[in-house]
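For reference, coords25.csv (CSV, C-alpha atoms):
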```csv
chain,number,residue,atom,x,y,z
A,1,MET,CA,84.4,129.2,79.7
A,2,ARG,CA,81.3,127.3,80.8
A,3,ARG,CA,81.6,125.2,84.0
A,4,ILE,CA,80.8,121.6,83.3
A,5,THR,CA,81.4,120.0,86.7
A,6,ARG,CA,82.5,121.4,90.0
A,7,LEU,CA,82.7,119.5,93.2
A,8,PHE,CA,84.1,120.7,96.6
A,9,THR,CA,85.4,118.5,99.4
A,10,GLY,CA,88.1,118.8,102.0
A,11,VAL,CA,89.4,117.4,105.2
A,12,LYS,CA,86.0,117.3,106.8
A,13,GLY,CA,84.6,115.4,103.9
A,14,ALA,CA,87.7,113.3,103.3
A,15,GLY,CA,85.9,110.0,103.6
A,16,CYS,CA,84.4,110.4,100.2
A,17,ALA,CA,86.3,109.6,97.0
A,18,LEU,CA,85.4,111.9,94.0
A,19,VAL,CA,83.5,110.5,91.0
A,20,LEU,CA,83.3,113.1,88.3
A,21,ALA,CA,81.9,112.7,84.8
A,22,LEU,CA,80.3,115.2,82.5
A,23,ALA,CA,77.4,116.2,84.6
A,24,GLY,CA,74.5,117.8,82.7
A,25,MET,CA,75.8,116.9,79.3
A,26,GLY,CA,73.5,113.9,78.8
A,27,GLN,CA,74.0,110.5,77.3
A,28,ALA,CA,74.0,111.9,73.7
A,29,GLN,CA,77.2,113.8,74.2
A,30,GLU,CA,79.6,113.1,71.3
A,31,PHE,CA,83.4,113.0,71.6
A,32,SER,CA,85.6,113.6,68.6
A,33,GLY,CA,88.2,110.9,69.3
A,34,LEU,CA,91.4,111.4,71.1
A,35,ALA,CA,91.8,114.5,73.4
A,36,ARG,CA,95.2,116.1,73.4
A,37,LEU,CA,97.0,117.7,76.4
A,38,ASP,CA,98.3,121.2,75.9
A,39,VAL,CA,101.6,120.6,77.9
A,40,ALA,CA,102.7,124.2,77.6
A,41,ALA,CA,99.5,125.5,79.3
A,42,SER,CA,99.3,122.7,81.9
A,43,SER,CA,101.1,122.7,85.3
A,44,VAL,CA,101.4,121.1,88.7
A,45,SER,CA,102.5,123.7,91.3
A,46,ASP,CA,102.7,124.3,95.0
A,47,THR,CA,100.4,126.9,96.5
A,48,ARG,CA,100.3,128.6,99.9
A,49,ARG,CA,97.4,126.3,100.8
A,50,GLY,CA,98.6,123.1,99.2
A,51,LEU,CA,98.9,121.9,95.6
A,52,GLU,CA,97.1,122.9,92.3
A,53,LEU,CA,97.0,120.9,89.1
A,54,GLU,CA,95.7,122.5,85.8
A,55,LEU,CA,95.3,120.4,82.7
A,56,PHE,CA,94.3,122.0,79.4
A,57,LEU,CA,92.7,119.6,76.9
A,58,SER,CA,91.7,120.0,73.3
A,59,GLN,CA,88.1,118.8,74.1
A,60,VAL,CA,85.9,117.9,77.0
A,61,VAL,CA,86.2,114.3,78.1
A,62,PRO,CA,84.6,112.2,80.9
A,63,TRP,CA,86.9,112.1,84.0
A,64,ARG,CA,87.2,111.3,87.6
A,65,VAL,CA,89.7,111.9,90.4
A,66,PHE,CA,90.6,110.3,93.7
A,67,VAL,CA,93.5,109.6,96.0
A,68,LEU,CA,95.2,106.4,97.1
A,69,ASP,CA,97.5,105.6,100.0
A,70,ASP,CA,100.8,103.6,100.4
A,71,PRO,CA,102.3,105.3,98.5
A,72,ARG,CA,100.3,108.5,98.5
A,73,ARG,CA,99.1,109.5,95.0
A,74,LEU,CA,96.5,111.4,93.1
A,75,VAL,CA,94.8,109.4,90.4
A,76,MET,CA,92.9,110.8,87.5
A,77,ASP,CA,91.0,108.7,84.9
A,78,PHE,CA,89.9,110.1,81.5
A,79,ARG,CA,88.4,109.2,78.2
A,80,GLU,CA,91.5,108.5,76.1
A,81,VAL,CA,94.0,111.4,76.1
A,82,ASP,CA,97.2,111.9,74.1
A,83,TRP,CA,99.6,112.5,77.0
A,84,ARG,CA,102.6,113.4,74.8
A,85,GLY,CA,105.0,115.5,76.9
A,86,ALA,CA,103.2,114.8,80.2
A,87,ASP,CA,105.9,113.9,82.7
A,88,ALA,CA,107.6,115.2,85.9
A,89,GLY,CA,108.7,118.3,84.0
A,90,LEU,CA,105.2,119.7,84.6
A,91,ILE,CA,105.9,119.8,88.4
A,92,GLU,CA,106.9,123.0,90.1
A,93,GLY,CA,107.6,122.8,93.8
A,94,ASP,CA,108.1,120.0,96.4
A,95,ARG,CA,104.6,118.7,97.2
A,96,ALA,CA,104.5,116.4,94.1
A,97,LEU,CA,107.3,113.9,93.5
A,98,ASP,CA,106.6,112.4,90.1
A,99,LEU,CA,104.0,112.3,87.3
A,100,ARG,CA,103.2,109.5,84.8
A,101,ALA,CA,100.5,109.0,82.4
A,102,GLY,CA,99.4,106.3,79.9
A,103,ALA,CA,96.7,104.0,78.6
A,104,LEU,CA,94.4,102.3,81.1
A,105,ARG,CA,92.4,100.1,78.8
A,106,PRO,CA,91.3,100.6,75.2
A,107,GLY,CA,89.7,104.0,75.0
A,108,TRP,CA,90.6,105.1,78.5
A,109,SER,CA,93.7,106.6,80.1
A,110,ARG,CA,95.1,107.6,83.4
A,111,MET,CA,97.4,110.1,85.1
A,112,VAL,CA,99.1,109.4,88.4
A,113,LEU,CA,100.7,112.1,90.6
A,114,ASP,CA,102.9,110.9,93.4
A,115,LEU,CA,102.5,113.0,96.5
A,116,ALA,CA,105.3,114.0,99.0
A,117,GLU,CA,102.8,114.5,101.8
A,118,PRO,CA,99.1,113.8,102.6
A,119,LEU,CA,96.9,116.1,100.5
A,120,VAL,CA,93.2,115.6,99.9
A,121,VAL,CA,91.2,117.0,97.0
A,122,ASP,CA,89.6,120.3,98.1
A,123,GLU,CA,88.2,121.4,94.8
A,124,ALA,CA,87.9,119.9,91.4
A,125,GLY,CA,86.2,121.1,88.3
A,126,MET,CA,86.3,121.1,84.5
A,127,SER,CA,85.2,124.1,82.4
A,128,VAL,CA,84.8,124.4,78.6
A,129,ASP,CA,85.4,127.2,76.3
A,130,GLU,CA,82.3,127.6,74.2
A,131,THR,CA,84.2,129.3,71.4
A,132,ASP,CA,86.7,126.5,70.6
A,133,GLY,CA,85.5,123.6,72.7
A,134,THR,CA,88.8,123.3,74.7
A,135,ALA,CA,88.6,122.3,78.3
A,136,ARG,CA,90.4,123.1,81.5
A,137,LEU,CA,90.5,120.7,84.5
A,138,ARG,CA,91.6,122.3,87.8
A,139,VAL,CA,92.3,120.2,90.9
A,140,ARG,CA,93.2,121.9,94.2
A,141,MET,CA,94.5,119.9,97.1
A,142,ALA,CA,94.8,120.9,100.7
A,143,PRO,CA,97.0,119.4,103.5
A,144,ALA,CA,95.5,116.7,105.7
A,145,GLY,CA,96.6,114.5,108.5
A,146,ALA,CA,97.7,111.0,107.8
A,147,GLU,CA,94.5,109.5,109.2
A,148,ALA,CA,92.3,111.8,107.2
A,149,PHE,CA,94.2,111.0,104.0
A,150,ALA,CA,93.9,107.3,104.7
A,151,ALA,CA,90.1,107.7,105.2
A,152,ALA,CA,89.8,109.6,101.9
A,153,ALA,CA,91.9,107.1,99.9
A,154,GLY,CA,90.3,104.5,97.7
A,155,ALA,CA,88.9,104.2,94.2
A,156,PRO,CA,85.2,104.9,94.1
A,157,HIS,CA,82.8,102.1,93.3
A,158,ASP,CA,81.1,103.0,90.1
A,159,PRO,CA,80.0,100.4,87.5
A,160,ASP,CA,80.7,102.9,84.7
A,161,TRP,CA,84.3,103.0,85.7
A,162,ASP,CA,84.8,99.4,86.8
A,163,PHE,CA,87.7,98.4,84.6
A,164,GLY,CA,88.7,95.3,86.6
A,165,LEU,CA,92.4,96.2,86.4
A,166,GLY,CA,93.6,95.6,89.9
A,167,ASP,CA,95.0,98.5,92.0
A,168,PRO,CA,94.0,101.6,90.0
A,169,GLY,CA,96.8,103.7,91.5
A,170,GLN,CA,99.5,101.6,90.0
A,171,GLY,CA,97.3,101.0,87.0
A,172,LEU,CA,98.4,101.3,83.4
A,173,ALA,CA,98.9,97.5,83.2
A,174,LEU,CA,97.4,94.1,84.2
A,175,PRO,CA,95.5,92.8,87.2
A,176,ALA,CA,97.8,91.8,90.0
A,177,ASP,CA,97.0,88.1,89.6
A,178,GLU,CA,98.0,88.1,85.9
A,179,THR,CA,101.7,88.9,86.2
A,180,LEU,CA,103.4,89.8,82.9
A,181,VAL,CA,107.0,88.6,82.9
A,182,VAL,CA,109.2,90.9,80.8
A,183,VAL,CA,112.8,89.9,80.2
A,184,ILE,CA,115.1,92.7,79.4
A,185,ASP,CA,118.3,91.8,77.5
A,186,PRO,CA,121.1,94.4,77.6
A,187,GLY,CA,123.2,93.5,74.6
A,188,HIS,CA,126.8,92.4,74.7
A,189,GLY,CA,128.9,92.6,77.9
A,190,GLY,CA,132.2,91.4,79.3
A,191,VAL,CA,134.6,90.3,76.6
A,192,ASP,CA,132.1,91.5,74.0
A,193,PRO,CA,131.8,95.3,74.4
A,194,GLY,CA,129.7,95.6,71.2
A,195,ALA,CA,129.9,98.8,69.2
A,196,ARG,CA,132.5,101.5,70.2
A,197,HIS,CA,132.7,105.1,69.3
A,198,GLY,CA,133.9,108.3,71.0
A,199,GLY,CA,135.1,106.5,74.1
A,200,VAL,CA,131.6,104.9,74.6
A,201,GLU,CA,130.8,101.2,74.5
A,202,GLU,CA,127.5,99.7,73.6
A,203,ALA,CA,127.6,97.1,76.4
A,204,ASP,CA,127.9,99.8,79.1
A,205,LEU,CA,125.1,101.9,77.8
A,206,MET,CA,122.7,99.0,77.2
A,207,LEU,CA,123.3,97.8,80.8
A,208,ALA,CA,122.5,101.3,82.2
A,209,LEU,CA,119.4,101.5,80.0
A,210,GLY,CA,118.3,97.9,81.0
A,211,LEU,CA,118.7,98.7,84.7
A,212,GLU,CA,116.6,101.9,84.3
A,213,LEU,CA,114.0,100.1,82.4
A,214,ALA,CA,113.8,97.3,84.9
A,215,GLU,CA,113.3,99.8,87.7
A,216,ALA,CA,110.5,101.5,85.8
A,217,LEU,CA,108.7,98.2,85.1
A,218,GLN,CA,109.1,97.2,88.7
A,219,ARG,CA,106.8,100.0,89.7
A,220,MET,CA,104.0,98.8,87.3
A,221,GLU,CA,101.4,96.7,88.9
A,222,GLY,CA,101.2,93.2,87.5
A,223,VAL,CA,104.6,93.4,85.7
A,224,ARG,CA,107.7,91.5,86.8
A,225,PRO,CA,111.0,92.4,85.0
A,226,TYR,CA,114.0,90.2,84.7
A,227,LEU,CA,117.5,91.1,83.3
A,228,THR,CA,119.6,88.6,81.3
A,229,ARG,CA,122.6,90.3,82.8
A,230,GLU,CA,123.0,92.8,85.7
A,231,ALA,CA,126.7,93.5,85.4
A,232,ASP,CA,129.4,93.8,82.8
A,233,VAL,CA,129.6,90.1,82.1
A,234,PHE,CA,129.5,87.9,78.9
A,235,VAL,CA,126.3,86.0,78.3
A,236,SER,CA,126.1,83.9,75.2
A,237,LEU,CA,123.1,84.5,72.8
A,238,GLN,CA,121.8,81.0,73.5
A,239,GLU,CA,122.1,81.5,77.3
A,240,ARG,CA,120.1,84.7,77.1
A,241,LEU,CA,117.1,82.8,75.6
A,242,THR,CA,117.6,80.0,78.1
A,243,ARG,CA,117.4,82.5,81.0
A,244,ALA,CA,114.2,84.0,79.5
A,245,ARG,CA,112.7,80.6,79.2
A,246,ALA,CA,113.6,79.7,82.7
A,247,VAL,CA,111.5,82.5,84.1
A,248,GLU,CA,108.6,81.8,81.7
A,249,ALA,CA,109.0,85.0,79.8
A,250,ASP,CA,105.8,86.6,78.3
A,251,LEU,CA,107.9,89.2,76.4
A,252,PHE,CA,111.6,89.5,75.5
A,253,ILE,CA,113.2,92.9,74.7
A,254,SER,CA,116.8,92.9,73.6
A,255,LEU,CA,118.6,96.3,73.8
A,256,HIS,CA,121.3,97.3,71.3
A,257,ALA,CA,123.0,100.3,69.7
A,258,ASP,CA,124.9,100.5,66.5
A,259,ALA,CA,127.8,102.4,65.0
A,260,LEU,CA,128.2,103.1,61.3
A,261,GLU,CA,131.5,104.7,60.3
A,262,GLY,CA,131.1,107.5,57.7
A,263,LEU,CA,127.3,107.5,58.0
A,264,GLN,CA,125.1,109.8,60.0
A,265,ALA,CA,122.3,107.4,60.7
A,266,THR,CA,120.3,108.4,63.7
A,267,GLY,CA,117.3,107.2,65.8
A,268,ALA,CA,115.8,104.0,67.1
A,269,SER,CA,114.5,101.0,65.2
A,270,VAL,CA,112.5,97.9,66.3
A,271,TYR,CA,113.2,94.5,64.8
A,272,THR,CA,111.2,91.3,64.8
A,273,LEU,CA,112.0,88.0,63.1
A,274,ALA,CA,111.5,88.1,59.4
A,275,ASP,CA,108.8,85.8,58.0
A,276,GLU,CA,111.2,84.3,55.5
A,277,ALA,CA,113.7,83.6,58.3
A,278,VAL,CA,111.3,81.5,60.5
A,279,GLY,CA,112.5,78.2,59.0
A,280,GLU,CA,116.1,79.0,59.5
A,281,ALA,CA,115.4,80.2,63.1
A,282,THR,CA,113.6,76.9,63.8
A,283,ARG,CA,116.6,74.9,62.5
A,284,ARG,CA,119.1,76.9,64.6
A,285,MET,CA,117.0,76.4,67.7
A,286,ALA,CA,116.8,72.7,67.1
A,287,GLU,CA,120.5,72.4,66.5
A,288,ARG,CA,121.9,74.7,69.3
A,289,HIS,CA,119.5,74.1,72.2
A,290,GLY,CA,119.0,71.0,74.2
A,291,ARG,CA,115.7,69.2,73.8
A,292,ALA,CA,114.6,70.4,77.3
A,293,ASP,CA,115.4,74.0,76.3
A,294,ILE,CA,113.4,74.7,73.2
A,295,VAL,CA,109.8,75.3,74.3
A,296,ALA,CA,109.1,76.3,77.9
A,297,GLY,CA,107.2,73.7,79.9
A,298,LEU,CA,108.0,70.9,77.5
A,299,ASP,CA,110.9,68.3,77.8
A,300,LEU,CA,111.5,67.0,74.3
A,301,SER,CA,114.4,64.7,75.4
A,302,GLY,CA,114.5,61.7,73.1
A,303,GLN,CA,112.4,63.4,70.4
A,304,ASP,CA,113.9,64.1,66.9
A,305,ASP,CA,114.1,67.4,65.1
A,306,ALA,CA,110.8,66.9,63.3
A,307,VAL,CA,108.8,66.9,66.5
A,308,ALA,CA,110.7,69.9,67.8
A,309,THR,CA,110.1,71.7,64.6
A,310,VAL,CA,106.3,71.1,64.6
A,311,LEU,CA,106.0,72.3,68.2
A,312,MET,CA,108.0,75.5,67.5
A,313,ASP,CA,105.9,76.2,64.4
A,314,LEU,CA,102.7,75.8,66.5
A,315,ALA,CA,104.1,78.1,69.2
A,316,ARG,CA,105.0,80.8,66.7
A,317,LEU,CA,101.3,80.9,65.4
A,318,GLU,CA,100.7,82.9,68.6
A,319,THR,CA,104.0,84.4,69.6
A,320,GLY,CA,104.9,85.7,66.1
A,321,PRO,CA,101.8,87.9,65.7
A,322,ALA,CA,102.1,89.0,69.4
A,323,GLY,CA,105.6,90.1,68.8
A,324,ALA,CA,104.6,92.0,65.7
A,325,ARG,CA,101.9,93.8,67.7
A,326,PHE,CA,104.3,94.7,70.4
A,327,ALA,CA,106.8,96.1,67.8
A,328,GLU,CA,104.1,98.4,66.4
A,329,GLU,CA,103.2,99.5,70.0
A,330,LEU,CA,106.9,100.1,70.7
A,331,VAL,CA,107.4,102.3,67.7
A,332,ALA,CA,104.2,104.3,68.6
A,333,GLY,CA,105.3,104.5,72.3
A,334,LEU,CA,108.7,105.8,71.5
A,335,GLU,CA,107.3,108.4,69.1
A,336,ALA,CA,104.7,109.4,71.7
A,337,ARG,CA,107.5,110.0,74.3
A,338,GLY,CA,109.7,112.0,72.0
A,339,ALA,CA,112.4,109.4,71.3
A,340,PRO,CA,114.1,109.9,67.9
A,341,LEU,CA,113.3,107.2,65.3
A,342,THR,CA,114.9,106.2,62.1
A,343,ARG,CA,113.1,107.0,58.8
A,344,ARG,CA,112.0,103.3,58.7
A,345,PRO,CA,111.7,102.3,62.4
A,346,ARG,CA,109.9,99.0,61.9
A,347,ARG,CA,112.2,96.3,60.5
A,348,GLU,CA,112.6,92.5,60.2
A,349,ALA,CA,115.7,90.4,60.3
A,350,LEU,CA,117.2,87.0,61.2
A,351,LEU,CA,118.8,87.8,64.6
A,352,ALA,CA,119.8,85.1,67.1
A,353,VAL,CA,117.9,86.7,70.1
A,354,LEU,CA,114.7,86.7,68.1
A,355,THR,CA,114.7,83.0,67.2
A,356,SER,CA,112.8,81.6,70.3
A,357,ALA,CA,109.4,80.3,69.5
A,358,ASP,CA,107.7,80.3,72.9
A,359,PHE,CA,107.6,84.0,73.7
A,360,PRO,CA,107.2,87.2,71.6
A,361,ALA,CA,110.6,88.9,71.1
A,362,VAL,CA,111.8,92.2,69.7
A,363,LEU,CA,115.2,93.8,69.3
A,364,LEU,CA,115.3,97.5,70.0
A,365,GLU,CA,118.2,99.3,68.3
A,366,VAL,CA,118.1,102.5,70.4
A,367,GLY,CA,120.4,104.6,68.3
A,368,PHE,CA,123.8,105.0,66.7
A,369,LEU,CA,127.0,105.6,68.7
A,370,SER,CA,128.5,107.0,65.5
A,371,HIS,CA,126.0,109.9,65.6
A,372,ASP,CA,127.1,112.6,68.0
A,373,GLY,CA,123.5,113.5,69.0
A,374,ASP,CA,122.5,109.8,69.6
A,375,ARG,CA,125.7,109.1,71.6
A,376,ASP,CA,125.3,112.2,73.8
A,377,ARG,CA,121.6,111.3,74.4
A,378,LEU,CA,122.3,107.7,75.3
A,379,SER,CA,125.1,108.6,77.7
A,380,SER,CA,122.9,110.1,80.3
A,381,PRO,CA,119.8,109.0,82.3
A,382,GLU,CA,118.0,112.2,81.2
A,383,GLY,CA,118.7,111.4,77.5
A,384,ARG,CA,117.6,107.8,77.9
A,385,ARG,CA,114.4,108.8,79.7
A,386,SER,CA,112.3,109.0,76.6
A,387,LEU,CA,113.3,105.5,75.7
A,388,VAL,CA,112.4,104.1,79.1
A,389,GLU,CA,109.0,105.9,79.0
A,390,GLY,CA,108.3,104.8,75.4
A,391,VAL,CA,109.0,101.1,76.3
A,392,VAL,CA,106.8,101.3,79.4
A,393,LEU,CA,104.0,102.9,77.5
A,394,ALA,CA,104.2,100.2,74.8
A,395,ILE,CA,104.2,97.4,77.3
A,396,ASP,CA,101.2,99.0,79.0
A,397,ARG,CA,99.2,99.2,75.8
A,398,TRP,CA,100.3,95.8,74.5
A,399,ALA,CA,99.4,94.1,77.8
A,400,ILE,CA,95.9,95.6,77.7
A,401,ALA,CA,95.4,94.4,74.1
A,402,GLN,CA,96.8,90.9,74.9
A,403,ARG,CA,94.4,90.6,77.8
A,404,ALA,CA,91.5,91.6,75.5
A,405,LEU,CA,92.5,88.9,73.0
A,406,SER,CA,92.7,86.1,75.7
A,407,PRO,CA,89.1,85.0,75.3
A,408,LEU,CA,89.6,84.6,71.5
A,409,LYS,CA,92.7,82.5,72.1
A,410,ARG,CA,90.8,80.2,74.4
A,411,GLN,CA,88.2,79.7,71.7
```
Encoded form (structure tokens):
Amino acid sequence: MRRITRLFTGVKGAGCALVLALAGMGQAQEFSGLARLDVAASSVSDTRRGLELELFLSQVVPWRVFVLDDPRRLVMDFREVDWRGADAGLIEGDRALDLRAGALRPGWSRMVLDLAEPLVVDEAGMSVDETDGTARLRVRMAPAGAEAFAAAAGAPHDPDWDFGLGDPGQGLALPADETLVVVIDPGHGGVDPGARHGGVEEADLMLALGLELAEALQRMEGVRPYLTREADVFVSLQERLTRARAVEADLFISLHADALEGLQATGASVYTLADEAVGEATRRMAERHGRADIVAGLDLSGQDDAVATVLMDLARLETGPAGARFAEELVAGLEARGAPLTRRPRREALLAVLTSADFPAVLLEVGFLSHDGDRDRLSSPEGRRSLVEGVVLAIDRWAIAQRALSPLKRQ
């Protein structure tokens, strides 16, 4: 293995954040696309002196590492990495609390390690195997006092890494001043339990999943989640859309599970409104919603169906493609986080919760209660974890892409 970069610091030098790239490799260095993390060889473990993180990558990539305070965390930025399997399961010991990783912006990615105590970077370096081109990143952290940690904390100022994405430690989403409102809609509830099988009800599982997803999104900088229901209560389909419109939703995700007697269908599917169903969806919205509850920000009281129809069609020119893009990201995110998918996970249909014109909407069918494996997986927080992580990853990537498209929309 040939050492590419190596930098030492410690408590005495804690005032300096670490900016690490591929020193000595020159501007002509080529990278062959997405680097992949070898999860089996990677680890985060306590040591006698502190904490050690080792990441094995399929190729060398530019990188940097620094710490942030309140809460205490180690942040590592990379050229884009496939983080599949990178989660808290890599942690051995008590000095690290949680690990998450995902896209930072197109072509770049980030890993964040939550720390249980103040630890500063004592040694960091990447080495490359000249035989196969694989790389190993090792970061060693040593204990420090709270004041020393606070002095070391902060993202380094470097134009080459200036992504303009707000607080880099929360990262993985939008700037703090561009809040993304995500409405989570746990299907069914109250007198409408939804699908039932094996003593399990769809409404209960979707509420549990919705609460877990909202909690995960709450930790993302620049994302504000809302739930259409937070208890086992009945909420009509029209009211769910009304509640989303009231909080000016940027994205609507409806959560459901199915049950098919006699069939062994398994895995998740993602639905958007079918193109051929747009006309019918517009008609239903015009018929079933008040004129002040059709398009957010517009009171169409006194206007006839023709005006409402035109405005909804105009709104769908933007929200329809945006919803389709999110659906694609959602399928990819679920797959990346190991959530089982159906053979044809991307689908279209005329579904009531997809009929709103003023925000992108998808329906996520998370699995089948009639399938023993799906039912067992959906019945525990551990089993639902891949779904939560997949949705978070998809929102993260979609938000970055939406922001990149904003200048084009204004034109």
- Message: Just want the 10 Å neighbourhood of Leu51 (chain A), counted on only C-alpha atoms, with same-chain residues fewer than 2 positions away dropped. Output as an MDAnalysis selection string.
- Response: chainID A and resid 44:49 53 92:96 115 119:122 139:143
- Message: So that I can check the surroundings of region 377-384 of chain A, please list as an MDAnalysis selection string every protein, DNA and RNA residue that reaches within 8 Å of it, counting all atoms listed in the file and ignoring chain neighbours fewer than 6 positions away.
- Response: chainID A and resid 205 209 367
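Across A:Arg219, A:Arg64, A:His197, A:Arg240, the tightest approach to His371 (chain A) is made by A:His197 when counting only C-alpha atoms.
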- Query: What does the distance from CA of Gly189 (chain A) to CA of Val392 (chain A) come to in Å, to one decimal?
  - Reply: 23.8 Å
- Nearest to Ala88 (chain A): which of A:Glu348, A:Asp185, A:Glu389, A:Asp70 is it, counting only C-alpha atoms?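 Looking at the shortest contact to Ala88 (chain A), the residue is A:Glu389.
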- Message: What's around region 233-236 of chain A at 12 Å? Count only C-alpha atoms, leave out sequence neighbours fewer than 2 positions away in its own chain, and write the answer as a list in words.
- Response: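 Returned residues: Asp185, Pro186, Gly187, His188, Gly189, Gly190, Val191, Asp192, Pro193, Gly194, Ala203, Asp204, Leu207, Leu227, Thr228, Arg229, Glu230, Ala231, Gln238, Glu239, Arg240, Leu241, Thr242, Arg243, Arg288, Ala352 and Val353 of chain A.
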- So, counting only C-alpha atoms, which residue among A:Glu130, A:Leu341, A:Ala324, A:Leu213 is closest to Phe368 (chain A)? A:Leu341
- Query: Pick the closest to Gln402 (chain A) from A:Gly373, A:Pro225, A:Pro360, A:Pro156: which is it, counting all atoms listed in the file?
  - Reply: A:Pro360
- When you draw a straight line from CA of Pro345 (chain A) to CA of Val391 (chain A), how long is it in Å?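 A separation of 14.2 Å between them.
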- Taking into account all atoms listed in the file, which residue in the set A:Leu68, A:Ile395, A:Leu273, A:Ala265 is nearest to Arg224 (chain A)?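 Ranked by minimum distance to Arg224 (chain A), first place goes to A:Ile395.
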